[in-house]
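Q: What follows is query.txt, compact mmCIF, C-alpha atoms.
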```txt
# COMPACT_ATOMS: atom_id res chain seq x y z
CA MET A 1 60.21 110.26 75.16
CA ARG A 2 59.79 113.68 76.78
CA GLU A 3 57.48 114.74 73.96
CA ALA A 4 55.38 111.62 74.42
CA TYR A 5 54.97 111.91 78.18
CA GLY A 6 55.36 115.63 78.82
CA GLN A 7 51.66 116.38 78.41
CA TYR A 8 50.69 114.07 81.28
CA SER A 9 50.91 114.68 85.02
CA ASP A 10 53.23 112.56 87.13
CA GLU A 11 50.24 110.95 88.77
CA GLU A 12 48.76 109.97 85.41
CA LEU A 13 52.10 108.54 84.33
CA ILE A 14 52.39 106.44 87.48
CA VAL A 15 48.99 104.90 86.70
CA ARG A 16 50.19 104.02 83.20
CA LEU A 17 53.41 102.63 84.65
CA ARG A 18 51.42 100.36 86.93
CA ASP A 19 49.63 99.11 83.82
CA GLY A 20 52.95 97.97 82.38
CA GLU A 21 54.32 100.97 80.46
CA GLU A 22 57.90 100.50 81.67
CA PRO A 23 59.62 103.36 79.75
CA ILE A 24 57.84 105.77 82.07
CA THR A 25 60.29 104.86 84.83
CA ASP A 26 63.23 106.13 82.78
CA TYR A 27 61.31 109.29 81.88
CA ILE A 28 60.54 110.16 85.51
CA MET A 29 64.08 109.33 86.65
CA ASP A 30 65.44 111.70 84.00
CA LYS A 31 62.85 114.37 84.80
CA TYR A 32 63.82 114.55 88.47
CA LYS A 33 67.59 114.03 88.28
CA ASN A 34 68.18 117.78 88.67
CA LEU A 35 66.17 117.73 91.91
CA VAL A 36 68.46 114.98 93.15
CA LYS A 37 71.57 116.97 92.21
CA SER A 38 70.22 120.07 93.94
CA LYS A 39 69.55 118.16 97.15
CA ALA A 40 72.99 116.57 96.99
CA LYS A 41 74.56 120.03 97.03
CA SER A 42 72.69 121.00 100.20
CA MET A 43 73.45 117.69 101.94
CA TYR A 44 77.12 117.86 100.94
CA ILE A 45 77.84 120.13 103.91
CA LEU A 46 77.11 117.23 106.24
CA GLY A 47 80.31 115.56 105.12
CA ALA A 48 79.24 113.06 102.48
CA ASP A 49 80.69 112.65 98.99
CA ASN A 50 78.61 114.48 96.39
CA ASP A 51 78.63 111.63 93.87
CA ASP A 52 77.60 109.16 96.55
CA LEU A 53 74.76 111.44 97.58
CA ILE A 54 73.53 111.69 93.99
CA GLN A 55 73.57 107.91 93.72
CA GLU A 56 71.63 107.57 96.97
CA GLY A 57 69.20 110.24 95.81
CA MET A 58 68.51 108.36 92.60
CA ILE A 59 67.83 105.26 94.68
CA GLY A 60 65.37 107.29 96.73
CA LEU A 61 63.74 108.54 93.52
CA PHE A 62 63.42 105.00 92.20
CA LYS A 63 61.76 103.96 95.46
CA ALA A 64 59.33 106.87 95.08
CA VAL A 65 58.40 105.69 91.57
CA ARG A 66 57.99 102.16 92.86
CA ASP A 67 56.01 102.95 96.00
CA TYR A 68 53.91 106.01 95.13
CA ASP A 69 50.20 105.58 95.89
CA SER A 70 47.97 108.43 94.69
CA GLY A 71 45.23 107.34 97.08
CA ARG A 72 47.50 107.54 100.11
CA ASP A 73 50.23 110.04 99.37
CA ALA A 74 50.27 113.70 98.42
CA SER A 75 51.48 114.75 94.97
CA PHE A 76 54.20 112.63 93.42
CA PHE A 77 56.63 115.56 93.61
CA THR A 78 56.11 115.87 97.37
CA PHE A 79 56.47 112.13 97.86
CA ALA A 80 59.59 111.96 95.69
CA ASP A 81 61.14 114.93 97.50
CA LEU A 82 60.65 113.12 100.82
CA CYS A 83 62.01 109.80 99.54
CA ILE A 84 65.11 111.43 98.06
CA SER A 85 65.85 113.44 101.21
CA ARG A 86 65.30 110.47 103.50
CA GLN A 87 67.55 108.20 101.41
CA MET A 88 70.34 110.79 101.37
CA TYR A 89 70.19 111.55 105.08
CA THR A 90 70.18 107.86 105.97
CA ALA A 91 73.33 107.48 103.86
CA VAL A 92 74.97 110.44 105.63
CA GLN A 93 74.21 108.90 109.03
CA ALA A 94 75.48 105.49 107.93
CA SER A 95 78.74 107.01 106.74
CA GLY A 96 79.58 107.97 110.32
CA ARG A 97 80.52 111.53 109.48
CA GLN A 98 82.73 113.23 112.07
CA LYS A 99 82.50 116.94 111.31
CA HIS A 100 79.72 119.45 111.68
CA ALA A 101 79.22 122.45 109.43
CA PRO A 102 81.31 125.61 109.86
CA LEU A 103 80.52 127.95 112.73
CA ASN A 104 79.03 130.61 110.49
CA THR A 105 76.42 128.15 109.29
CA TYR A 106 75.13 127.87 112.84
CA ILE A 107 75.02 131.61 113.42
CA SER A 108 71.64 131.89 111.73
CA LEU A 109 70.22 129.59 114.43
CA TYR A 110 70.58 132.15 117.18
CA SER A 111 71.47 135.51 115.68
CA HIS A 112 67.90 136.52 114.79
CA VAL A 113 64.92 137.16 117.04
CA ASN A 114 62.28 135.79 114.68
CA HIS A 115 61.62 132.03 114.73
CA GLY A 116 59.89 131.68 111.38
CA THR A 117 56.83 132.70 109.47
CA GLY A 118 54.53 130.26 111.19
CA ASP A 119 53.96 128.21 108.05
CA GLY A 120 56.97 125.97 108.47
CA GLU A 121 59.31 128.10 106.39
CA PRO A 122 62.38 130.01 107.63
CA ASP A 123 61.84 133.71 108.26
CA GLY A 124 63.04 136.33 105.81
CA GLU A 125 66.11 137.19 107.89
CA GLU A 126 67.57 133.68 107.74
CA ALA A 127 70.87 133.91 105.87
CA GLN A 128 71.21 131.64 102.87
CA LEU A 129 73.87 128.98 103.24
CA GLN A 130 75.77 129.93 100.12
CA ASN A 131 76.03 133.56 101.29
CA ILE A 132 77.31 132.46 104.68
CA LEU A 133 79.99 130.27 103.20
CA ALA A 134 80.96 132.95 100.69
CA ALA A 135 81.40 135.45 103.53
CA ARG A 136 83.51 132.96 105.46
CA ALA A 137 85.76 132.49 102.46
CA GLU A 138 86.65 136.19 102.63
CA LEU A 139 88.09 135.95 106.15
CA GLY A 140 91.75 136.83 106.59
CA PRO A 141 94.32 134.40 108.08
CA GLU A 142 93.92 135.72 111.64
CA GLU A 143 90.16 135.66 111.42
CA ARG A 144 90.29 132.14 110.02
CA MET A 145 92.30 130.98 113.04
CA ILE A 146 89.78 132.52 115.43
CA ASP A 147 86.96 131.05 113.38
CA LYS A 148 88.52 127.56 113.52
CA GLU A 149 88.79 127.78 117.30
CA ASN A 150 85.16 128.86 117.51
CA VAL A 151 84.09 125.99 115.28
CA GLU A 152 85.86 123.43 117.45
CA GLY A 153 84.36 124.92 120.60
CA LEU A 154 80.88 124.94 119.15
CA GLU A 155 81.23 121.34 117.97
CA ARG A 156 82.06 120.31 121.54
CA ILE A 157 79.01 122.19 122.79
CA ILE A 158 76.78 120.47 120.25
CA GLU A 159 78.06 117.02 121.19
CA ARG A 160 77.62 117.74 124.90
CA GLU A 161 74.36 119.69 125.01
CA LEU A 162 72.17 118.31 122.21
CA SER A 163 70.23 115.07 122.27
CA HIS A 164 70.47 112.60 119.39
CA PHE A 165 67.16 113.84 117.97
CA GLU A 166 68.21 117.48 118.31
CA LYS A 167 71.44 116.75 116.42
CA GLN A 168 69.40 115.16 113.63
CA VAL A 169 67.14 118.21 113.46
CA LEU A 170 70.16 120.53 113.40
CA ASP A 171 71.84 118.52 110.64
CA LEU A 172 68.83 118.87 108.36
CA TYR A 173 68.06 122.46 109.34
CA ILE A 174 71.45 123.70 108.20
CA THR A 175 70.81 122.17 104.76
CA GLY A 176 67.95 124.65 104.37
CA MET A 177 65.00 122.43 105.28
CA SER A 178 62.02 123.83 107.19
CA TYR A 179 60.90 122.04 110.35
CA VAL A 180 57.95 120.62 108.41
CA GLN A 181 60.30 119.00 105.87
CA ILE A 182 62.60 117.81 108.66
CA ALA A 183 59.68 116.16 110.43
CA LYS A 184 58.80 114.22 107.27
CA VAL A 185 62.37 113.04 106.70
CA LEU A 186 62.77 111.88 110.30
CA GLY A 187 59.27 110.44 110.54
CA ARG A 188 58.29 112.71 113.44
CA ASP A 189 55.38 115.09 113.93
CA GLY A 190 55.80 118.77 113.15
CA LYS A 191 55.25 120.02 116.69
CA SER A 192 57.95 117.87 118.30
CA THR A 193 60.37 118.83 115.52
CA ASP A 194 59.66 122.54 115.87
CA ASN A 195 60.02 122.24 119.65
CA ALA A 196 63.39 120.53 119.16
CA LEU A 197 64.53 123.34 116.87
CA GLN A 198 63.58 125.96 119.46
CA ARG A 199 65.41 123.99 122.17
CA ILE A 200 68.50 123.91 119.96
CA LYS A 201 68.39 127.67 119.53
CA GLY A 202 67.86 128.17 123.24
CA LYS A 203 70.73 125.90 124.22
CA LEU A 204 73.14 127.57 121.83
CA ARG A 205 72.11 131.05 123.02
CA LYS A 206 72.57 130.03 126.64
CA VAL A 207 75.97 128.40 126.16
CA ILE A 208 77.42 130.98 123.80
CA GLY A 209 75.95 133.91 125.67
CA GLN A 210 73.98 135.42 122.82
```
Give the structure from this file in structure tokens form.

A:
Amino acid sequence: MREAYGQYSDEELIVRLRDGEEPITDYIMDKYKNLVKSKAKSMYILGADNDDLIQEGMIGLFKAVRDYDSGRDASFFTFADLCISRQMYTAVQASGRQKHAPLNTYISLYSHVNHGTGDGEPDGEEAQLQNILAARAELGPEERMIDKENVEGLERIIERELSHFEKQVLDLYITGMSYVQIAKVLGRDGKSTDNALQRIKGKLRKVIGQ
């Protein structure tokens, strides 16, 4: 199947699918399953089960195949990426998760002066999530106790100081999304999302004293 369809663009394949070539659905689902798995790993930190996230992501991918309109939407990849992310985040919210990410994940929100490159992508100083978590894993017992206390304190601050929209922005930001991607997932405009992100940073700096 891959040999038969690999020479065509996703957009061309969607047109053929609309004409009744049903095997194309299976081909596209298989082609993008690794994207779904990758997104599930980043969303996992929000407290959802990885397998459940993959399942939700595949549902989002199926919806992208079903609903894609080349005359209305951007590239299929961009549309699929949005549908997968939105489906996963909706599932995370519906699960009623109780815990936020570890304290060290939030440090990148306020420990750097730069606020981004201006093109919607994080600046070069933003620490990668996997490096942050790896560093946290190296903490000794005493440091872990202090870290746990800091986490609990910061969680209380987040619940008290951030609006519902700001919490949503924070949730998605710590998964590695840019404010442009966050805006698309939440169905908001880029400016209001970027403004929310800057408010989050400002509030955390003010409360924590950074």

Q: Give the answer as one residue: which of A:Thr25, A:Ser163, A:Gln181, A:Gln7 has the shortest atom-to-atom distance to Thr78 of chain A, using all atoms listed in the file?

A: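 Of A:Thr25, A:Ser163, A:Gln181, A:Gln7, the one nearest Thr78 of chain A is A:Gln181, counting all atoms listed in the file.
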
Q: Suppose you want the space between atom CA of Met29 of chain A and atom CA of Thr175 of chain A; what is it in Å?

A: 23.2 Å

Q: Choose the residue, out of A:Ile54, A:Met177, A:Val169, A:Ala48, that has the smallest atom-to-atom separation from Leu197 of chain A; count all atoms listed in the file.

A: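 Ranked by minimum distance to Leu197 of chain A, first place goes to A:Val169.
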
Q: To one decimal in Å, tell me the separation between atom CA of Gly190 of chain A and atom CA of Ala94 of chain A.

A: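 So the two atoms, atom CA of Gly190 of chain A and atom CA of Ala94 of chain A, lie 24.3 Å apart.
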
Q: Hey, can you check how far atom CA of Ala40 of chain A sits from atom CA of Leu154 of chain A?

A: 25.0 Å

Q: Would you mind listing what lies within 12 Å of Gln93 of chain A as number ranges by chain, with all atoms listed in the file counted and same-chain residues fewer than 6 positions away left out?

A: A: 43, 46-48, 53, 86-87, 99, 164, 167-168, 171-172, 186

Q: Which residue out of A:Arg18, A:Lys37, A:Lys201, A:Lys63 has the minimum interatomic distance to Leu82 of chain A when all atoms listed in the file are used?

A: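 For Leu82 of chain A, the nearest of the candidates is A:Lys63.
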
Q: Using all atoms listed in the file, which of the listed residues (A:Ile24, A:Phe77, A:Gly57, A:Tyr179) sits closest to Asn195 of chain A?

A: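 For Asn195 of chain A, the nearest of the given residues is A:Tyr179.
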